[in-house]
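A.B. asks: Input structure: input.cif, which contains mmCIF, N, CA, C and O atoms.
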```cif
data_model
#
loop_
_atom_site.group_PDB
_atom_site.id
_atom_site.type_symbol
_atom_site.label_atom_id
_atom_site.label_comp_id
_atom_site.auth_asym_id
_atom_site.auth_seq_id
_atom_site.Cartn_x
_atom_site.Cartn_y
_atom_site.Cartn_z
ATOM 1 N N HIS W 201 45.311 8.849 206.077
ATOM 2 C CA HIS W 201 45.691 9.594 204.900
ATOM 3 C C HIS W 201 45.242 8.878 203.622
ATOM 4 O O HIS W 201 44.784 9.521 202.690
ATOM 5 N N GLU W 202 45.398 7.560 203.640
ATOM 6 C CA GLU W 202 45.043 6.778 202.460
ATOM 7 C C GLU W 202 43.545 6.826 202.185
ATOM 8 O O GLU W 202 43.120 6.954 201.033
ATOM 9 N N LEU W 203 42.731 6.713 203.212
ATOM 10 C CA LEU W 203 41.282 6.756 203.025
ATOM 11 C C LEU W 203 40.852 8.120 202.498
ATOM 12 O O LEU W 203 40.016 8.219 201.592
ATOM 13 N N SER W 204 41.432 9.170 203.024
ATOM 14 C CA SER W 204 41.121 10.518 202.550
ATOM 15 C C SER W 204 41.472 10.660 201.066
ATOM 16 O O SER W 204 40.702 11.220 200.277
ATOM 17 N N LYS W 205 42.614 10.142 200.679
ATOM 18 C CA LYS W 205 43.026 10.196 199.271
ATOM 19 C C LYS W 205 42.071 9.404 198.389
ATOM 20 O O LYS W 205 41.721 9.835 197.293
ATOM 21 N N THR W 206 41.658 8.237 198.873
ATOM 22 C CA THR W 206 40.736 7.397 198.118
ATOM 23 C C THR W 206 39.398 8.097 197.920
ATOM 24 O O THR W 206 38.822 8.076 196.824
ATOM 25 N N LEU W 207 38.890 8.727 198.977
ATOM 26 C CA LEU W 207 37.624 9.456 198.862
ATOM 27 C C LEU W 207 37.749 10.641 197.924
ATOM 28 O O LEU W 207 36.835 10.928 197.142
ATOM 29 N N SER W 208 38.871 11.327 197.961
ATOM 30 C CA SER W 208 39.100 12.460 197.068
ATOM 31 C C SER W 208 39.107 12.000 195.611
ATOM 32 O O SER W 208 38.490 12.631 194.735
ATOM 33 N N LYS W 209 39.773 10.896 195.351
ATOM 34 C CA LYS W 209 39.807 10.347 193.991
ATOM 35 C C LYS W 209 38.400 9.938 193.551
ATOM 36 O O LYS W 209 38.013 10.172 192.405
ATOM 37 N N ALA W 210 37.628 9.354 194.461
ATOM 38 C CA ALA W 210 36.262 8.954 194.141
ATOM 39 C C ALA W 210 35.396 10.157 193.792
ATOM 40 O O ALA W 210 34.563 10.091 192.882
ATOM 41 N N VAL W 211 35.585 11.269 194.478
ATOM 42 C CA VAL W 211 34.849 12.498 194.144
ATOM 43 C C VAL W 211 35.228 12.951 192.736
ATOM 44 O O VAL W 211 34.366 13.295 191.922
ATOM 45 N N ASP W 212 36.516 12.933 192.434
ATOM 46 C CA ASP W 212 36.973 13.338 191.098
ATOM 47 C C ASP W 212 36.373 12.459 190.007
ATOM 48 O O ASP W 212 36.137 12.923 188.890
ATOM 49 N N GLU W 213 36.143 11.191 190.332
ATOM 50 C CA GLU W 213 35.589 10.242 189.354
ATOM 51 C C GLU W 213 34.062 10.188 189.389
ATOM 52 O O GLU W 213 33.460 9.336 188.732
ATOM 53 N N HIS W 214 33.445 11.078 190.184
ATOM 54 C CA HIS W 214 31.983 11.144 190.316
ATOM 55 C C HIS W 214 31.395 9.808 190.761
ATOM 56 O O HIS W 214 30.333 9.391 190.288
ATOM 57 N N ALA W 215 32.078 9.149 191.702
ATOM 58 C CA ALA W 215 31.651 7.833 192.181
ATOM 59 C C ALA W 215 30.445 7.922 193.122
ATOM 60 O O ALA W 215 29.728 6.939 193.285
ATOM 61 N N PHE W 216 30.232 9.068 193.722
ATOM 62 C CA PHE W 216 29.087 9.247 194.611
ATOM 63 C C PHE W 216 28.738 10.722 194.714
ATOM 64 O O PHE W 216 29.580 11.585 194.477
ATOM 65 N N GLU W 217 27.466 10.980 195.039
ATOM 66 C CA GLU W 217 27.024 12.353 195.272
ATOM 67 C C GLU W 217 27.095 12.698 196.751
ATOM 68 O O GLU W 217 27.446 13.804 197.125
ATOM 69 N N LYS W 218 26.694 11.748 197.590
ATOM 70 C CA LYS W 218 26.722 11.923 199.044
ATOM 71 C C LYS W 218 27.350 10.684 199.664
ATOM 72 O O LYS W 218 27.239 9.586 199.118
ATOM 73 N N ILE W 219 27.952 10.875 200.814
ATOM 74 C CA ILE W 219 28.561 9.761 201.524
ATOM 75 C C ILE W 219 28.204 9.861 202.998
ATOM 76 O O ILE W 219 28.049 10.969 203.538
ATOM 77 N N VAL W 220 28.049 8.726 203.632
ATOM 78 C CA VAL W 220 27.823 8.660 205.071
ATOM 79 C C VAL W 220 29.072 8.048 205.680
ATOM 80 O O VAL W 220 29.485 6.948 205.296
ATOM 81 N N LEU W 221 29.692 8.775 206.589
ATOM 82 C CA LEU W 221 30.881 8.275 207.271
ATOM 83 C C LEU W 221 30.465 7.606 208.570
ATOM 84 O O LEU W 221 29.751 8.202 209.373
ATOM 85 N N VAL W 222 30.917 6.376 208.766
ATOM 86 C CA VAL W 222 30.628 5.630 209.986
ATOM 87 C C VAL W 222 31.937 5.046 210.479
ATOM 88 O O VAL W 222 32.577 4.255 209.769
ATOM 89 N N ALA W 223 32.348 5.450 211.674
ATOM 90 C CA ALA W 223 33.606 4.968 212.240
ATOM 91 C C ALA W 223 33.604 5.252 213.736
ATOM 92 O O ALA W 223 32.863 6.120 214.204
ATOM 93 N N PRO W 224 34.439 4.538 214.482
ATOM 94 C CA PRO W 224 34.569 4.858 215.903
ATOM 95 C C PRO W 224 34.933 6.346 216.070
ATOM 96 O O PRO W 224 35.605 6.919 215.206
ATOM 97 N N PRO W 225 34.475 6.979 217.135
ATOM 98 C CA PRO W 225 34.645 8.418 217.304
ATOM 99 C C PRO W 225 36.067 8.938 217.077
ATOM 100 O O PRO W 225 36.253 9.931 216.369
ATOM 101 N N HIS W 226 37.058 8.284 217.647
ATOM 102 C CA HIS W 226 38.430 8.783 217.508
ATOM 103 C C HIS W 226 38.878 8.754 216.047
ATOM 104 O O HIS W 226 39.423 9.731 215.531
ATOM 105 N N PHE W 227 38.622 7.633 215.367
ATOM 106 C CA PHE W 227 39.016 7.525 213.961
ATOM 107 C C PHE W 227 38.233 8.496 213.093
ATOM 108 O O PHE W 227 38.791 9.104 212.169
ATOM 109 N N LEU W 228 36.956 8.664 213.381
ATOM 110 C CA LEU W 228 36.136 9.602 212.611
ATOM 111 C C LEU W 228 36.708 11.013 212.708
ATOM 112 O O LEU W 228 36.785 11.729 211.714
ATOM 113 N N GLY W 229 37.134 11.405 213.898
ATOM 114 C CA GLY W 229 37.756 12.717 214.065
ATOM 115 C C GLY W 229 39.035 12.858 213.264
ATOM 116 O O GLY W 229 39.269 13.890 212.621
ATOM 117 N N LEU W 230 39.866 11.815 213.281
ATOM 118 C CA LEU W 230 41.104 11.843 212.496
ATOM 119 C C LEU W 230 40.806 11.931 211.005
ATOM 120 O O LEU W 230 41.444 12.698 210.274
ATOM 121 N N LEU W 231 39.835 11.157 210.566
ATOM 122 C CA LEU W 231 39.473 11.157 209.143
ATOM 123 C C LEU W 231 38.940 12.515 208.719
ATOM 124 O O LEU W 231 39.369 13.077 207.711
ATOM 125 N N ARG W 232 38.030 13.060 209.480
ATOM 126 C CA ARG W 232 37.435 14.355 209.106
ATOM 127 C C ARG W 232 38.496 15.444 209.023
ATOM 128 O O ARG W 232 38.405 16.350 208.193
ATOM 129 N N ALA W 233 39.516 15.359 209.873
ATOM 130 C CA ALA W 233 40.602 16.349 209.844
ATOM 131 C C ALA W 233 41.424 16.253 208.559
ATOM 132 O O ALA W 233 42.067 17.229 208.160
ATOM 133 N N GLU W 234 41.399 15.098 207.899
ATOM 134 C CA GLU W 234 42.188 14.874 206.689
ATOM 135 C C GLU W 234 41.410 15.117 205.399
ATOM 136 O O GLU W 234 42.012 15.205 204.333
ATOM 137 N N LEU W 235 40.098 15.189 205.477
ATOM 138 C CA LEU W 235 39.291 15.290 204.261
ATOM 139 C C LEU W 235 39.492 16.618 203.537
ATOM 140 O O LEU W 235 39.543 17.677 204.159
ATOM 141 N N GLU W 236 39.563 16.529 202.235
ATOM 142 C CA GLU W 236 39.611 17.737 201.418
ATOM 143 C C GLU W 236 38.220 18.364 201.393
ATOM 144 O O GLU W 236 37.210 17.686 201.587
ATOM 145 N N HIS W 237 38.188 19.656 201.116
ATOM 146 C CA HIS W 237 36.913 20.387 201.112
ATOM 147 C C HIS W 237 35.903 19.758 200.154
ATOM 148 O O HIS W 237 34.715 19.646 200.477
ATOM 149 N N LYS W 238 36.362 19.321 198.992
ATOM 150 C CA LYS W 238 35.441 18.730 198.003
ATOM 151 C C LYS W 238 34.790 17.454 198.536
ATOM 152 O O LYS W 238 33.668 17.132 198.165
ATOM 153 N N VAL W 239 35.473 16.737 199.406
ATOM 154 C CA VAL W 239 34.894 15.544 200.024
ATOM 155 C C VAL W 239 33.957 15.959 201.151
ATOM 156 O O VAL W 239 32.840 15.442 201.270
ATOM 157 N N GLU W 240 34.382 16.909 201.972
ATOM 158 C CA GLU W 240 33.532 17.390 203.082
ATOM 159 C C GLU W 240 32.174 17.837 202.583
ATOM 160 O O GLU W 240 31.160 17.603 203.243
ATOM 161 N N LYS W 241 32.135 18.487 201.411
ATOM 162 C CA LYS W 241 30.867 18.957 200.847
ATOM 163 C C LYS W 241 29.919 17.809 200.525
ATOM 164 O O LYS W 241 28.722 18.014 200.453
ATOM 165 N N ARG W 242 30.452 16.616 200.332
ATOM 166 C CA ARG W 242 29.641 15.467 199.964
ATOM 167 C C ARG W 242 29.229 14.612 201.160
ATOM 168 O O ARG W 242 28.476 13.658 201.008
ATOM 169 N N VAL W 243 29.721 14.948 202.353
ATOM 170 C CA VAL W 243 29.353 14.173 203.535
ATOM 171 C C VAL W 243 27.928 14.539 203.930
ATOM 172 O O VAL W 243 27.643 15.660 204.329
ATOM 173 N N GLY W 244 27.026 13.575 203.775
ATOM 174 C CA GLY W 244 25.622 13.796 204.104
ATOM 175 C C GLY W 244 25.345 13.600 205.580
ATOM 176 O O GLY W 244 24.472 14.238 206.148
ATOM 177 N N ALA W 245 26.107 12.703 206.196
ATOM 178 C CA ALA W 245 25.952 12.417 207.626
ATOM 179 C C ALA W 245 27.198 11.689 208.097
ATOM 180 O O ALA W 245 27.949 11.137 207.299
ATOM 181 N N SER W 246 27.393 11.721 209.397
ATOM 182 C CA SER W 246 28.483 10.948 209.976
ATOM 183 C C SER W 246 28.022 10.399 211.320
ATOM 184 O O SER W 246 27.220 11.021 212.014
ATOM 185 N N HIS W 247 28.515 9.220 211.629
ATOM 186 C CA HIS W 247 28.131 8.535 212.862
ATOM 187 C C HIS W 247 29.393 8.069 213.567
ATOM 188 O O HIS W 247 30.128 7.247 213.020
ATOM 189 N N GLY W 248 29.638 8.581 214.737
ATOM 190 C CA GLY W 248 30.785 8.177 215.530
ATOM 191 C C GLY W 248 30.461 6.934 216.337
ATOM 192 O O GLY W 248 30.305 7.006 217.560
ATOM 193 N N LYS W 249 30.329 5.829 215.664
ATOM 194 C CA LYS W 249 29.973 4.556 216.298
ATOM 195 C C LYS W 249 30.868 3.452 215.750
ATOM 196 O O LYS W 249 31.342 3.524 214.619
ATOM 197 N N ASP W 250 31.050 2.414 216.551
ATOM 198 C CA ASP W 250 31.819 1.261 216.119
ATOM 199 C C ASP W 250 30.844 0.144 215.754
ATOM 200 O O ASP W 250 30.321 -0.544 216.616
ATOM 201 N N TYR W 251 30.580 0.000 214.468
ATOM 202 C CA TYR W 251 29.610 -0.977 213.987
ATOM 203 C C TYR W 251 30.277 -2.129 213.232
ATOM 204 O O TYR W 251 29.635 -2.811 212.454
ATOM 205 N N HIS W 252 31.550 -2.361 213.423
ATOM 206 C CA HIS W 252 32.265 -3.335 212.601
ATOM 207 C C HIS W 252 31.750 -4.762 212.732
ATOM 208 O O HIS W 252 31.978 -5.576 211.849
ATOM 209 N N GLU W 253 31.039 -5.093 213.792
ATOM 210 C CA GLU W 253 30.543 -6.456 213.967
ATOM 211 C C GLU W 253 29.160 -6.680 213.342
ATOM 212 O O GLU W 253 28.669 -7.806 213.334
ATOM 213 N N LEU W 254 28.540 -5.644 212.802
ATOM 214 C CA LEU W 254 27.203 -5.773 212.222
ATOM 215 C C LEU W 254 27.271 -6.234 210.773
ATOM 216 O O LEU W 254 28.208 -5.916 210.051
ATOM 217 N N ASN W 255 26.235 -6.968 210.344
ATOM 218 C CA ASN W 255 26.155 -7.298 208.922
ATOM 219 C C ASN W 255 25.535 -6.100 208.192
ATOM 220 O O ASN W 255 25.114 -5.119 208.817
ATOM 221 N N VAL W 256 25.466 -6.173 206.891
ATOM 222 C CA VAL W 256 25.013 -5.032 206.084
ATOM 223 C C VAL W 256 23.599 -4.601 206.458
ATOM 224 O O VAL W 256 23.312 -3.410 206.586
ATOM 225 N N ARG W 257 22.696 -5.555 206.632
ATOM 226 C CA ARG W 257 21.305 -5.220 206.978
ATOM 227 C C ARG W 257 21.234 -4.507 208.328
ATOM 228 O O ARG W 257 20.561 -3.478 208.458
ATOM 229 N N GLU W 258 21.939 -5.043 209.319
ATOM 230 C CA GLU W 258 21.935 -4.426 210.648
ATOM 231 C C GLU W 258 22.545 -3.027 210.605
ATOM 232 O O GLU W 258 22.049 -2.100 211.245
ATOM 233 N N LEU W 259 23.612 -2.880 209.832
ATOM 234 C CA LEU W 259 24.249 -1.572 209.700
ATOM 235 C C LEU W 259 23.287 -0.563 209.090
ATOM 236 O O LEU W 259 23.141 0.555 209.582
ATOM 237 N N ALA W 260 22.592 -0.956 208.031
ATOM 238 C CA ALA W 260 21.621 -0.064 207.386
ATOM 239 C C ALA W 260 20.525 0.346 208.364
ATOM 240 O O ALA W 260 20.124 1.518 208.399
ATOM 241 N N GLU W 261 20.055 -0.593 209.164
ATOM 242 C CA GLU W 261 19.018 -0.277 210.161
ATOM 243 C C GLU W 261 19.526 0.715 211.186
ATOM 244 O O GLU W 261 18.824 1.651 211.559
ATOM 245 N N ARG W 262 20.731 0.526 211.665
ATOM 246 C CA ARG W 262 21.299 1.429 212.676
ATOM 247 C C ARG W 262 21.478 2.838 212.133
ATOM 248 O O ARG W 262 21.217 3.816 212.804
ATOM 249 N N ILE W 263 21.952 2.921 210.898
ATOM 250 C CA ILE W 263 22.193 4.235 210.301
ATOM 251 C C ILE W 263 20.879 4.962 210.057
ATOM 252 O O ILE W 263 20.769 6.153 210.265
ATOM 253 N N GLU W 264 19.838 4.236 209.646
ATOM 254 C CA GLU W 264 18.518 4.848 209.430
ATOM 255 C C GLU W 264 17.951 5.400 210.716
ATOM 256 O O GLU W 264 17.310 6.430 210.718
ATOM 257 N N LEU W 265 18.180 4.712 211.826
ATOM 258 C CA LEU W 265 17.633 5.140 213.115
ATOM 259 C C LEU W 265 18.445 6.254 213.761
ATOM 260 O O LEU W 265 17.944 6.947 214.621
ATOM 261 N N ALA W 266 19.668 6.404 213.345
ATOM 262 C CA ALA W 266 20.541 7.403 213.981
ATOM 263 C C ALA W 266 20.195 8.812 213.550
ATOM 264 O O ALA W 266 19.550 9.063 212.606
#
```
Rewrite the structure of this file - the entire thing - as structure tokens.

C.D. replies:
Amino acid sequence: HELSKTLSKAVDEHAFEKIVLVAPPHFLGLLRAELEHKVEKRVGASHGKDYHELNVRELAERIELA
């Protein structure tokens, strides 16, 4: 709930135009169910993967290939 609220506030503040959601499949499903429509419209892609052990460079590479 908190992450959904944070993303909604970020949309209101024009913090991003598009967002890529990356989370383990179960959490991604829970998050998507909570997102407001204004946030859903900004989701450019989503990846149901657990990448928490990757550094930023590795994460960027994985997302580009997905």

A.B. asks: Mind listing the strand (DSSP E) residues of chain W, per DSSP on the backbone, as number ranges by chain?

C.D. replies: W: 219-223, 243-248

A.B. asks: Hey, which of W:Ala260, W:His247, W:Lys241, W:Ser208 ends up closest to Leu221 of chain W? Count only C-alpha atoms.

C.D. replies: W:His247

A.B. asks: As a ChimeraX atom specification, please: the residues near Lys218 of chain W (cut-off 4.5 Å, all atoms listed in the file, same-chain neighbours under 2 positions excluded).

C.D. replies: /W:216,220,242

A.B. asks: Work out how far apart atom CA of Pro225 of chain W and atom O of His237 of chain W are and give it in Å to one decimal.

C.D. replies: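 Straight-line distance from atom CA of Pro225 of chain W to atom O of His237 of chain W works out to 20.2 Å.
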
A.B. asks: Using only N, CA, C and O atoms, find the one residue out of W:Ile263, W:Ile219, W:Asp212, W:His226 that sits nearest to Glu240 of chain W.

C.D. replies: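 Closest candidate: W:Ile219.
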
A.B. asks: As a count of residues only, list the residues of chain W assigned to alpha helix (DSSP H) by DSSP on the backbone atoms of this structure.

C.D. replies: 35

A.B. asks: Provide the atom CA of Glu236 of chain W to atom CA of Leu254 of chain W distance in Å, to one decimal place.

C.D. replies: 28.7 Å

A.B. asks: List the spatial neighbours of Ser204 of chain W as a PDB file with N, CA, C and O atoms, in the coordinates of the input - criterion: any atom at most 10 Å away, only C-alpha atoms, same-chain residues fewer than 5 positions off excluded.

C.D. replies:
```
ATOM      1  N   LYS W 209      39.773  10.896 195.351  1.00  0.00           N
ATOM      2  CA  LYS W 209      39.807  10.347 193.991  1.00  0.00           C
ATOM      3  C   LYS W 209      38.400   9.938 193.551  1.00  0.00           C
ATOM      4  O   LYS W 209      38.013  10.172 192.405  1.00  0.00           O
ATOM      5  N   ALA W 210      37.628   9.354 194.461  1.00  0.00           N
ATOM      6  CA  ALA W 210      36.262   8.954 194.141  1.00  0.00           C
ATOM      7  C   ALA W 210      35.396  10.157 193.792  1.00  0.00           C
ATOM      8  O   ALA W 210      34.563  10.091 192.882  1.00  0.00           O
ATOM      9  N   LEU W 231      39.835  11.157 210.566  1.00  0.00           N
ATOM     10  CA  LEU W 231      39.473  11.157 209.143  1.00  0.00           C
ATOM     11  C   LEU W 231      38.940  12.515 208.719  1.00  0.00           C
ATOM     12  O   LEU W 231      39.369  13.077 207.711  1.00  0.00           O
ATOM     13  N   ARG W 232      38.030  13.060 209.480  1.00  0.00           N
ATOM     14  CA  ARG W 232      37.435  14.355 209.106  1.00  0.00           C
ATOM     15  C   ARG W 232      38.496  15.444 209.023  1.00  0.00           C
ATOM     16  O   ARG W 232      38.405  16.350 208.193  1.00  0.00           O
ATOM     17  N   ALA W 233      39.516  15.359 209.873  1.00  0.00           N
ATOM     18  CA  ALA W 233      40.602  16.349 209.844  1.00  0.00           C
ATOM     19  C   ALA W 233      41.424  16.253 208.559  1.00  0.00           C
ATOM     20  O   ALA W 233      42.067  17.229 208.160  1.00  0.00           O
ATOM     21  N   GLU W 234      41.399  15.098 207.899  1.00  0.00           N
ATOM     22  CA  GLU W 234      42.188  14.874 206.689  1.00  0.00           C
ATOM     23  C   GLU W 234      41.410  15.117 205.399  1.00  0.00           C
ATOM     24  O   GLU W 234      42.012  15.205 204.333  1.00  0.00           O
ATOM     25  N   LEU W 235      40.098  15.189 205.477  1.00  0.00           N
ATOM     26  CA  LEU W 235      39.291  15.290 204.261  1.00  0.00           C
ATOM     27  C   LEU W 235      39.492  16.618 203.537  1.00  0.00           C
ATOM     28  O   LEU W 235      39.543  17.677 204.159  1.00  0.00           O
ATOM     29  N   GLU W 236      39.563  16.529 202.235  1.00  0.00           N
ATOM     30  CA  GLU W 236      39.611  17.737 201.418  1.00  0.00           C
ATOM     31  C   GLU W 236      38.220  18.364 201.393  1.00  0.00           C
ATOM     32  O   GLU W 236      37.210  17.686 201.587  1.00  0.00           O
ATOM     33  N   VAL W 239      35.473  16.737 199.406  1.00  0.00           N
ATOM     34  CA  VAL W 239      34.894  15.544 200.024  1.00  0.00           C
ATOM     35  C   VAL W 239      33.957  15.959 201.151  1.00  0.00           C
ATOM     36  O   VAL W 239      32.840  15.442 201.270  1.00  0.00           O
TER      37      VAL W 239
END
```

A.B. asks: Rounded to one decimal place, report the atom CA of Ala215 of chain W-atom CA of Leu230 of chain W distance in Å.

C.D. replies: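 Taking atom CA of Ala215 of chain W and atom CA of Leu230 of chain W, their separation equals 22.8 Å.
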
A.B. asks: Might I get the box with edges along x, y and z of the file that holds all atoms of segment 245-252 of chain W listed there, padded by 4 Å on every side, given as centre and edge lengths in Å to one decimal, as AutoDock Vina command-line options?

C.D. replies:
```
--center_x 29.1 --center_y 3.6 --center_z 211.9 --size_x 14.3 --size_y 26.3 --size_z 19.4
```

A.B. asks: Quick check on the file I pasted: which residues fall under the PyMOL selection byres (((chain W and resi 223 and name CA) around 8) and name CA)? Write them as a ChimeraX atom specification.

C.D. replies: /W:221-222,224-225,227-228,247-251
